[in-house]
Every structure is written in structure tokens, then in C-alpha cells.
file query.txt (compact mmCIF, C-alpha atoms and all ligand atoms)
# COMPACT_ATOMS: atom_id res chain seq x y z
CA MET A 1 33.85 -32.41 -152.73
CA ILE A 2 32.28 -29.35 -151.21
CA PHE A 3 31.90 -28.90 -147.46
CA ASN A 4 29.06 -26.68 -146.32
CA GLU A 5 30.80 -23.98 -144.31
CA LYS A 6 30.22 -23.92 -140.60
CA THR A 7 31.20 -21.76 -137.61
CA ILE A 8 31.48 -23.08 -134.05
CA LYS A 9 32.48 -21.76 -130.62
CA LEU A 10 35.61 -23.33 -129.12
CA LYS A 11 36.18 -24.29 -125.46
CA ASP A 12 37.93 -20.93 -124.83
CA GLY A 13 35.01 -18.97 -126.33
CA SER A 14 36.81 -18.11 -129.58
CA THR A 15 35.20 -18.68 -132.95
CA CYS A 16 36.37 -21.35 -135.38
CA HIS A 17 35.26 -21.58 -138.99
CA PHE A 18 35.34 -24.70 -141.19
CA ARG A 19 35.50 -24.54 -144.98
CA ASN A 20 37.19 -26.06 -148.04
CA PRO A 21 40.66 -24.56 -148.65
CA LYS A 22 40.75 -22.61 -151.92
CA ALA A 23 43.54 -22.14 -154.49
CA GLU A 24 44.15 -18.67 -152.99
CA ASP A 25 44.99 -20.37 -149.67
CA ALA A 26 47.91 -22.30 -151.21
CA GLY A 27 50.72 -20.20 -149.70
CA GLU A 28 49.19 -20.23 -146.23
CA MET A 29 48.35 -23.92 -146.56
CA LEU A 30 52.00 -24.76 -147.30
CA ALA A 31 53.15 -22.76 -144.27
CA TYR A 32 50.51 -24.55 -142.15
CA LEU A 33 51.63 -28.00 -143.42
CA ARG A 34 55.27 -27.15 -142.65
CA THR A 35 54.34 -26.09 -139.12
CA CYS A 36 52.45 -29.36 -138.56
CA ALA A 37 55.34 -31.40 -139.95
CA GLU A 38 57.84 -29.61 -137.69
CA GLU A 39 55.72 -29.93 -134.56
CA THR A 40 54.98 -33.65 -134.54
CA ASN A 41 56.44 -37.03 -135.48
CA PHE A 42 52.91 -38.40 -135.71
CA LEU A 43 52.21 -37.29 -139.29
CA LEU A 44 53.64 -39.10 -142.32
CA ARG A 45 55.10 -36.09 -144.08
CA THR A 46 58.42 -34.64 -142.89
CA VAL A 47 59.15 -30.94 -143.26
CA GLU A 48 61.83 -31.82 -145.86
CA GLU A 49 59.05 -33.37 -147.94
CA CYS A 50 56.98 -30.17 -147.91
CA THR A 51 58.50 -29.08 -151.22
CA GLU A 52 55.48 -28.01 -153.28
CA THR A 53 55.47 -24.60 -154.87
CA VAL A 54 52.51 -22.30 -154.24
CA GLU A 55 51.33 -22.99 -157.81
CA GLN A 56 51.50 -26.77 -157.31
CA GLU A 57 49.63 -26.52 -154.02
CA ALA A 58 46.97 -24.29 -155.59
CA LYS A 59 46.39 -26.91 -158.31
CA HIS A 60 46.33 -29.67 -155.70
CA LEU A 61 43.69 -27.84 -153.62
CA THR A 62 41.53 -27.19 -156.68
CA ALA A 63 41.84 -30.85 -157.72
CA ILE A 64 40.85 -32.03 -154.23
CA ASN A 65 37.83 -29.73 -154.12
CA GLU A 66 36.73 -30.99 -157.54
CA SER A 67 37.43 -34.66 -156.80
CA PRO A 68 34.40 -36.89 -156.14
CA LEU A 69 36.56 -39.02 -153.85
CA HIS A 70 38.14 -36.41 -151.57
CA MET A 71 36.92 -33.77 -149.16
CA MET A 72 39.40 -31.51 -147.44
CA MET A 73 38.41 -28.93 -144.89
CA VAL A 74 40.41 -26.37 -142.96
CA ALA A 75 39.70 -24.91 -139.55
CA THR A 76 40.40 -21.19 -139.28
CA VAL A 77 40.58 -18.98 -136.19
CA GLU A 78 40.61 -15.21 -136.82
CA GLY A 79 41.09 -16.05 -140.50
CA LYS A 80 44.24 -18.13 -139.92
CA ILE A 81 44.43 -21.80 -140.94
CA VAL A 82 45.04 -23.76 -137.73
CA GLY A 83 43.79 -27.25 -138.59
CA ASN A 84 42.71 -29.51 -141.43
CA GLY A 85 40.80 -32.70 -142.02
CA LEU A 86 40.64 -35.00 -145.03
CA ILE A 87 38.32 -37.84 -145.96
CA VAL A 88 39.23 -40.13 -148.86
CA PHE A 89 36.52 -42.31 -150.39
CA ASN A 90 37.18 -45.44 -152.45
CA LYS A 91 36.26 -45.65 -156.13
CA ARG A 92 36.08 -49.44 -156.33
CA LEU A 93 32.51 -50.59 -155.74
CA ARG A 94 33.44 -53.38 -153.34
CA ILE A 95 35.22 -50.99 -150.97
CA SER A 96 33.05 -47.94 -151.59
CA HIS A 97 31.32 -48.44 -148.20
CA ARG A 98 34.64 -47.50 -146.53
CA ALA A 99 36.67 -44.29 -146.38
CA SER A 100 39.83 -43.14 -144.60
CA ILE A 101 40.35 -39.94 -142.68
CA GLY A 102 43.21 -37.84 -141.37
CA LEU A 103 43.35 -34.66 -139.32
CA ALA A 104 45.77 -32.25 -137.68
CA VAL A 105 45.77 -29.06 -135.64
CA ILE A 106 48.76 -26.81 -135.01
CA LYS A 107 50.10 -27.06 -131.47
CA ALA A 108 49.23 -23.55 -130.29
CA TYR A 109 45.56 -24.45 -130.90
CA TRP A 110 45.48 -27.90 -129.28
CA ASN A 111 42.96 -28.65 -126.51
CA LYS A 112 40.41 -26.06 -127.62
CA GLY A 113 38.10 -28.63 -129.22
CA ILE A 114 39.20 -28.18 -132.86
CA GLY A 115 40.30 -31.81 -133.30
CA ARG A 116 36.99 -33.06 -131.88
CA ALA A 117 35.03 -30.69 -134.15
CA LEU A 118 37.02 -31.71 -137.26
CA LEU A 119 36.43 -35.37 -136.46
CA THR A 120 32.70 -34.74 -135.91
CA GLU A 121 32.40 -33.01 -139.29
CA LEU A 122 34.37 -35.73 -141.13
CA ILE A 123 32.18 -38.45 -139.62
CA GLU A 124 28.94 -36.57 -140.37
CA PHE A 125 30.13 -35.97 -143.93
CA GLY A 126 30.85 -39.68 -144.36
CA LYS A 127 27.50 -40.68 -142.85
CA ALA A 128 25.67 -38.32 -145.21
CA LYS A 129 27.42 -40.04 -148.12
CA GLY A 130 26.20 -43.43 -146.92
CA LEU A 131 29.48 -44.80 -145.56
CA GLU A 132 29.37 -47.90 -143.39
CA GLN A 133 32.83 -47.58 -141.89
CA ILE A 134 35.55 -45.00 -141.45
CA GLU A 135 39.13 -46.03 -140.93
CA LEU A 136 42.37 -44.36 -139.94
CA GLU A 137 45.92 -45.17 -139.02
CA VAL A 138 47.54 -43.74 -135.91
CA VAL A 139 50.99 -44.00 -134.36
CA ALA A 140 50.78 -46.17 -131.23
CA GLU A 141 52.46 -43.44 -129.13
CA ASN A 142 49.89 -40.80 -130.14
CA ALA A 143 47.86 -41.02 -126.93
CA ARG A 144 46.06 -37.72 -127.50
CA ALA A 145 44.72 -38.74 -130.91
CA ILE A 146 43.90 -42.31 -129.83
CA SER A 147 41.92 -41.08 -126.82
CA LEU A 148 39.96 -38.73 -129.10
CA TYR A 149 39.22 -41.51 -131.61
CA ARG A 150 38.10 -43.92 -128.88
CA LYS A 151 35.66 -41.32 -127.55
CA PHE A 152 33.97 -41.40 -130.97
CA GLY A 153 33.79 -45.21 -130.95
CA PHE A 154 36.80 -46.06 -133.13
CA GLU A 155 38.17 -49.51 -132.30
CA PHE A 156 41.57 -51.08 -132.89
CA ILE A 157 41.47 -53.75 -135.57
CA GLY A 158 45.16 -54.36 -135.97
CA THR A 159 48.69 -53.12 -135.56
CA ARG A 160 51.36 -52.73 -138.17
CA GLN A 161 54.55 -53.46 -136.22
CA LYS A 162 57.29 -50.89 -136.92
CA GLY A 163 54.94 -49.24 -139.43
CA ILE A 164 56.75 -45.90 -139.14
CA LYS A 165 60.51 -45.35 -139.23
CA LEU A 166 61.81 -41.89 -138.32
CA THR A 167 64.93 -40.51 -139.98
CA ASN A 168 66.81 -41.08 -136.68
CA GLY A 169 66.05 -44.81 -136.94
CA THR A 170 63.30 -44.89 -134.26
CA TYR A 171 60.36 -47.16 -135.14
CA PHE A 172 56.74 -46.62 -134.15
CA ASP A 173 54.01 -49.22 -134.39
CA GLU A 174 50.94 -48.05 -136.27
CA HIS A 175 47.40 -48.96 -135.17
CA ILE A 176 44.55 -49.33 -137.63
CA MET A 177 41.27 -48.08 -136.13
CA ILE A 178 37.76 -48.42 -137.52
CA LEU A 179 34.48 -46.69 -136.71
CA ASN A 180 31.43 -48.77 -137.58
CA LEU A 181 28.58 -46.49 -138.71
CA THR A 182 25.94 -49.19 -139.23
CA GLY A 183 25.05 -49.75 -135.57
CA LYS A 184 25.56 -53.49 -136.21
CA GLU A 185 28.46 -55.69 -135.08
C1 LIG B 201 45.29 -35.21 -132.32
C2 LIG B 201 44.90 -33.75 -132.53
C3 LIG B 201 44.28 -33.58 -133.90
C4 LIG B 201 43.90 -33.34 -131.44
O1 LIG B 201 43.54 -32.00 -131.71
P1 LIG B 201 42.97 -31.02 -130.56
O2 LIG B 201 42.43 -29.83 -131.23
O3 LIG B 201 43.97 -30.83 -129.50
O4 LIG B 201 41.77 -31.92 -130.03
P2 LIG B 201 40.62 -31.51 -129.01
O5 LIG B 201 41.01 -30.28 -128.25
O6 LIG B 201 39.33 -31.47 -129.75
O7 LIG B 201 40.52 -32.80 -128.11
C5 LIG B 201 41.61 -33.38 -127.51
C6 LIG B 201 41.04 -34.38 -126.50
O8 LIG B 201 42.12 -35.16 -126.03
C7 LIG B 201 42.23 -35.01 -124.61
N1 LIG B 201 43.66 -35.02 -124.32
C8 LIG B 201 44.51 -33.99 -124.29
N2 LIG B 201 45.76 -34.43 -124.02
C9 LIG B 201 45.67 -35.77 -123.90
C10 LIG B 201 46.62 -36.80 -123.63
N3 LIG B 201 47.92 -36.53 -123.46
N4 LIG B 201 46.17 -38.06 -123.56
C11 LIG B 201 44.86 -38.36 -123.75
N5 LIG B 201 43.92 -37.42 -124.03
C12 LIG B 201 44.34 -36.14 -124.09
C13 LIG B 201 41.55 -33.69 -124.30
O9 LIG B 201 41.11 -33.66 -122.98
C14 LIG B 201 40.41 -33.70 -125.32
O10 LIG B 201 39.35 -34.52 -124.89
P3 LIG B 201 37.84 -33.95 -124.76
O11 LIG B 201 37.41 -33.56 -126.16
O12 LIG B 201 37.04 -35.11 -124.26
O13 LIG B 201 37.90 -32.80 -123.83
C15 LIG B 201 46.15 -32.81 -132.37
O14 LIG B 201 46.75 -33.07 -131.14
C16 LIG B 201 47.18 -32.96 -133.49
O15 LIG B 201 47.03 -32.38 -134.55
N6 LIG B 201 48.27 -33.70 -133.24
C17 LIG B 201 49.34 -33.83 -134.21
C18 LIG B 201 48.90 -34.45 -135.50
C19 LIG B 201 48.21 -35.77 -135.25
O16 LIG B 201 48.60 -36.52 -134.38
N7 LIG B 201 47.16 -36.04 -136.04
C20 LIG B 201 46.44 -37.29 -135.94
C21 LIG B 201 47.15 -38.30 -136.75
S1 LIG B 201 46.34 -39.89 -136.67

call {"tool": "encode", "arguments": {"input": "query.txt", "output": "C-alpha cells", "more": "lines below"}}
Ligand SMILES: CC(C)(COP(=O)(O)OP(=O)(O)OC[C@H]1O[C@@H](n2cnc3c(N)ncnc32)[C@H](O)[C@@H]1OP(=O)(O)O)[C@@H](O)C(=O)NCCC(=O)NCCS
result
Amino acid sequence: MIFNEKTIKLKDGSTCHFRNPKAEDAGEMLAYLRTCAEETNFLLRTVEECTETVEQEAKHLTAINESPLHMMMVATVEGKIVGNGLIVFNKRLRISHRASIGLAVIKAYWNKGIGRALLTELIEFGKAKGLEQIELEVVAENARAISLYRKFGFEFIGTRQKGIKLTNGTYFDEHIMILNLTGKE
């Protein structure tokens, strides 16, 4: 799905642009995904699993942009990809009022307001498509992300005990959080 491009000012006064990633971005997108995977244990994909070729990633990005069930956006600062957000809608009619989201920002750009802006755009996109609820999964130790989600009204609805197992054997619980967009309980 297509995101209508947007430019915002960040907390430090710099300019951040939001747009769909294109096939031409594939090489940079892979480097960005590797950086994210190396910097945090709070994303599902490990750096060893970032094995796509540039051609495969280009096809993947094109498929996502053309998919009626996905919308991916990247955040760029001075032309460089520094963050991304994804919303995944459900095809089945009985769960088509729900969608899941995910987002990430590379560490050097944390605390400038990019995560908040990505989340705002994902929620607005979902609302415009008539969603009633948006859900996400977050590692219980990810205080930064959880505090951001709570500020937008996301609530815990459950916890998957030991939902994540790192390669060193450490387990993390995983919270499921939901944002109700209907204004009703
Ligand atoms: C979570 C993440 C997307 C936030 O991105 P960001 O660009 O730093 O977010 P922002 O700058 O918009 O906002 C961060 C907020 O958290 C607050 N914050 C910062 N550090 C915090 C901490 N340790 N605990 C709680 N809140 C914290 C900030 O004050 C800010 O709040 P504000 O908007 O009210 O001022 C980013 O840290 C990230 O990509 N982490 C790794 C990947 C990840 O965890 N993704 C989410 C998976 S569910």
C-alpha cells in the first residue's frame, strides 16, 4: 500500500522524511536492517538471518508496496534510512478489523522523536483504513518501546512467557499490547 509522503521536524530541529521504500533502496535497506539487528535484542530477526540478496530485497519491497495487506514506510534523515514502520492487515473478514504493527529506529537516531512519529503515522494510516484495533508484541524488557506505546494508549492484554529465546539461552517474556481505536471499551 502507498503511504503519502510526509516531512516533519525532529526534536533537534533536523528534518525527517517518511515514504515507502522503493526497489532501488534494497541495498541500503539491507544495511539498515543489519544495523538494527546488531544493535538490539528486541527485534525478532538476528543479523545472521539478514541473508537476502539485494535482488531478493528489491522484489520483497516491490511486493510489499503492491500488497493490499501491507504498508511499509521508512524514515530518512539527510536521505539516509534511519527507521522503518510496518502495518500488516488481515485478509480474513472476521479479523479484518485488526492489524499488527512493528517499528524500529537505528540507535544513533533514538530520542529525536522518530519512533513517536512512525507510530503516529502507522496509527493514522490504520484509522483511515477503518481499523478498530491495532496490536503489537513487545519484549517485556523493552522499557523504551513500552513507554512509547502506553503514551499512545496501547494496553497490555497478555504475556507470552519465555516468548523469545536468544541464541545465548536467555529468555524474554513477550507482551501483547492493543490500541482500541473505537473509543468504546
Ligand atoms: C523503540 C524505538 C522505536 C523508539 O524510537 P525513538 O526514535 O527513540 O522514539 P522517540 O524518540 O520518538 O520516543 C522515545 C520516547 O521514549 C522515552 N524514553 C527514552 N528512553 C526511555 C527509557 N529508557 N524508558 C522509558 N522511556 C524512555 C523518550 O523520552 C520518548 O518519550 P517522549 O516522546 O514522550 O519524549 C527505538 O528505541 C528502537 O528502534 N528500539 C529498538 C527496536 C525496537 O525495540 N523496536 C520496537 C519493537 S516492539

call {"tool": "residues_around", "arguments": {"input": "query.txt", "residues": "A:Met1", "least_positions_apart": "2", "cutoff": "9 Å", "atoms": "all atoms listed in the file", "output": "CSV table (one decimal) with C-alpha atoms, in the frame of the given file"}}
result
chain,number,residue,atom,x,y,z
A,3,PHE,CA,31.9,-28.9,-147.5
A,20,ASN,CA,37.2,-26.1,-148.0
A,64,ILE,CA,40.8,-32.0,-154.2
A,65,ASN,CA,37.8,-29.7,-154.1
A,66,GLU,CA,36.7,-31.0,-157.5
A,67,SER,CA,37.4,-34.7,-156.8
A,68,PRO,CA,34.4,-36.9,-156.1
A,69,LEU,CA,36.6,-39.0,-153.8
A,70,HIS,CA,38.1,-36.4,-151.6
A,71,MET,CA,36.9,-33.8,-149.2
A,72,MET,CA,39.4,-31.5,-147.4

call {"tool": "residues_around", "arguments": {"input": "query.txt", "residues": "A:Thr51", "least_positions_apart": "2", "cutoff": "12 Å", "atoms": "all atoms listed in the file", "output": "PDB file with C-alpha atoms, in the coordinates of the input"}}
result
ATOM      1  CA  GLY A  27      50.720 -20.200-149.700  1.00  0.00           C
ATOM      2  CA  LEU A  30      52.000 -24.760-147.300  1.00  0.00           C
ATOM      3  CA  ALA A  31      53.150 -22.760-144.270  1.00  0.00           C
ATOM      4  CA  LEU A  33      51.630 -28.000-143.420  1.00  0.00           C
ATOM      5  CA  ARG A  34      55.270 -27.150-142.650  1.00  0.00           C
ATOM      6  CA  ALA A  37      55.340 -31.400-139.950  1.00  0.00           C
ATOM      7  CA  ARG A  45      55.100 -36.090-144.080  1.00  0.00           C
ATOM      8  CA  THR A  46      58.420 -34.640-142.890  1.00  0.00           C
ATOM      9  CA  VAL A  47      59.150 -30.940-143.260  1.00  0.00           C
ATOM     10  CA  GLU A  48      61.830 -31.820-145.860  1.00  0.00           C
ATOM     11  CA  GLU A  49      59.050 -33.370-147.940  1.00  0.00           C
ATOM     12  CA  THR A  53      55.470 -24.600-154.870  1.00  0.00           C
ATOM     13  CA  VAL A  54      52.510 -22.300-154.240  1.00  0.00           C
ATOM     14  CA  GLU A  55      51.330 -22.990-157.810  1.00  0.00           C
ATOM     15  CA  GLN A  56      51.500 -26.770-157.310  1.00  0.00           C
ATOM     16  CA  GLU A  57      49.630 -26.520-154.020  1.00  0.00           C
TER      17      GLU A  57
END

call {"tool": "closest_atom_pairs", "arguments": {"input": "query.txt", "of": "chain A", "to": "ligand LIG 201 (chain B)", "cutoff": "7 Å", "atoms": "all atoms listed in the file", "output": "tab-separated table"}}
result
residue	atom	partner	partner_atom	distance
A:Cys36	CA	B:LIG201	C18	6.9
A:Thr40	CA	B:LIG201	C17	5.7
A:Phe42	CA	B:LIG201	O16	4.9
A:Leu43	CA	B:LIG201	C21	5.8
A:Gly102	CA	B:LIG201	S1	6.0
A:Leu103	CA	B:LIG201	N7	5.2
A:Ala104	CA	B:LIG201	O15	3.4
A:Val105	CA	B:LIG201	O15	3.7
A:Ile106	CA	B:LIG201	O15	5.9
A:Lys107	CA	B:LIG201	O15	6.9
A:Tyr109	CA	B:LIG201	O2	6.2
A:Trp110	CA	B:LIG201	O3	3.3
A:Asn111	CA	B:LIG201	O5	3.1
A:Lys112	CA	B:LIG201	O5	4.3
A:Gly113	CA	B:LIG201	O6	3.1
A:Ile114	CA	B:LIG201	O2	4.0
A:Gly115	CA	B:LIG201	O2	3.6
A:Arg116	CA	B:LIG201	O6	3.5
A:Ala117	CA	B:LIG201	O6	6.2
A:Leu136	CA	B:LIG201	S1	6.8
A:Glu137	CA	B:LIG201	S1	5.8
A:Val138	CA	B:LIG201	S1	4.1
A:Val139	CA	B:LIG201	S1	6.6
A:Asn142	CA	B:LIG201	O16	6.2
A:Ala143	CA	B:LIG201	N4	4.8
A:Arg144	CA	B:LIG201	N4	4.0
A:Ala145	CA	B:LIG201	C1	3.8
A:Ser147	CA	B:LIG201	N5	5.0
A:Leu148	CA	B:LIG201	O8	5.2

call {"tool": "closest_residue", "arguments": {"input": "query.txt", "among": "A:Val82, A:Met29, A:Ile134, A:Ala58", "to": "A:Cys16", "atoms": "all atoms listed in the file"}}
result
A:Val82

call {"tool": "closest_atom_pairs", "arguments": {"input": "query.txt", "of": "stretch 64-130 of chain A", "to": "stretch 171-177 of chain A", "cutoff": "12 Å", "atoms": "only C-alpha atoms", "output": "Markdown table"}}
result
| residue | atom | partner | partner_atom | distance |
| --- | --- | --- | --- | --- |
| A:Ala99 | CA | A:Met177 | CA | 11.9 |
| A:Ser100 | CA | A:Met177 | CA | 9.9 |
| A:Ile101 | CA | A:Met177 | CA | 10.5 |
| A:Gly102 | CA | A:Met177 | CA | 11.7 |

call {"tool": "build_atoms", "arguments": {"input": "query.txt", "residues": "stretch 150-166 of chain A", "atoms": "N, CA, C and O atoms", "output": "short mmCIF file (atom, residue, chain, number, x, y, z; two decimals), in the coordinates of the input"}}
result
data_model
loop_
_atom_site.label_atom_id
_atom_site.label_comp_id
_atom_site.auth_asym_id
_atom_site.auth_seq_id
_atom_site.Cartn_x
_atom_site.Cartn_y
_atom_site.Cartn_z
N ARG A 150 38.87 -42.95 -129.69
CA ARG A 150 38.10 -43.92 -128.88
C ARG A 150 36.80 -43.30 -128.38
O ARG A 150 35.78 -43.96 -128.30
N LYS A 151 36.87 -41.99 -128.04
CA LYS A 151 35.66 -41.32 -127.55
C LYS A 151 34.56 -41.30 -128.61
O LYS A 151 33.39 -41.20 -128.29
N PHE A 152 34.95 -41.38 -129.88
CA PHE A 152 33.97 -41.40 -130.97
C PHE A 152 33.56 -42.83 -131.34
O PHE A 152 32.76 -43.03 -132.25
N GLY A 153 34.17 -43.82 -130.69
CA GLY A 153 33.79 -45.21 -130.95
C GLY A 153 34.72 -45.95 -131.89
O GLY A 153 34.44 -47.10 -132.25
N PHE A 154 35.83 -45.33 -132.30
CA PHE A 154 36.80 -46.06 -133.13
C PHE A 154 37.40 -47.20 -132.31
O PHE A 154 37.69 -47.04 -131.13
N GLU A 155 37.59 -48.34 -132.97
CA GLU A 155 38.17 -49.51 -132.30
C GLU A 155 39.42 -49.98 -133.04
O GLU A 155 39.49 -49.85 -134.26
N PHE A 156 40.36 -50.53 -132.27
CA PHE A 156 41.57 -51.08 -132.89
C PHE A 156 41.20 -52.35 -133.65
O PHE A 156 40.51 -53.21 -133.11
N ILE A 157 41.69 -52.47 -134.88
CA ILE A 157 41.47 -53.75 -135.57
C ILE A 157 42.80 -54.43 -135.92
O ILE A 157 42.81 -55.55 -136.39
N GLY A 158 43.88 -53.72 -135.69
CA GLY A 158 45.16 -54.36 -135.97
C GLY A 158 46.30 -53.39 -135.76
O GLY A 158 46.08 -52.19 -135.60
N THR A 159 47.50 -53.94 -135.76
CA THR A 159 48.69 -53.12 -135.56
C THR A 159 49.73 -53.51 -136.59
O THR A 159 50.00 -54.69 -136.78
N ARG A 160 50.25 -52.50 -137.24
CA ARG A 160 51.36 -52.73 -138.17
C ARG A 160 52.64 -52.49 -137.36
O ARG A 160 52.95 -51.35 -137.01
N GLN A 161 53.32 -53.58 -137.02
CA GLN A 161 54.55 -53.46 -136.22
C GLN A 161 55.58 -52.65 -136.99
O GLN A 161 55.77 -52.91 -138.18
N LYS A 162 56.24 -51.72 -136.31
CA LYS A 162 57.29 -50.89 -136.92
C LYS A 162 56.80 -50.24 -138.22
O LYS A 162 57.55 -50.15 -139.20
N GLY A 163 55.54 -49.82 -138.21
CA GLY A 163 54.94 -49.24 -139.43
C GLY A 163 55.56 -47.92 -139.84
O GLY A 163 55.49 -47.52 -141.00
N ILE A 164 56.16 -47.21 -138.87
CA ILE A 164 56.75 -45.90 -139.14
C ILE A 164 58.22 -45.96 -138.73
O ILE A 164 58.55 -46.46 -137.65
N LYS A 165 59.08 -45.44 -139.58
CA LYS A 165 60.51 -45.35 -139.23
C LYS A 165 60.96 -43.90 -139.38
O LYS A 165 60.91 -43.34 -140.49
N LEU A 166 61.35 -43.28 -138.27
CA LEU A 166 61.81 -41.89 -138.32
C LEU A 166 63.21 -41.84 -138.93
O LEU A 166 63.91 -42.86 -138.99
#
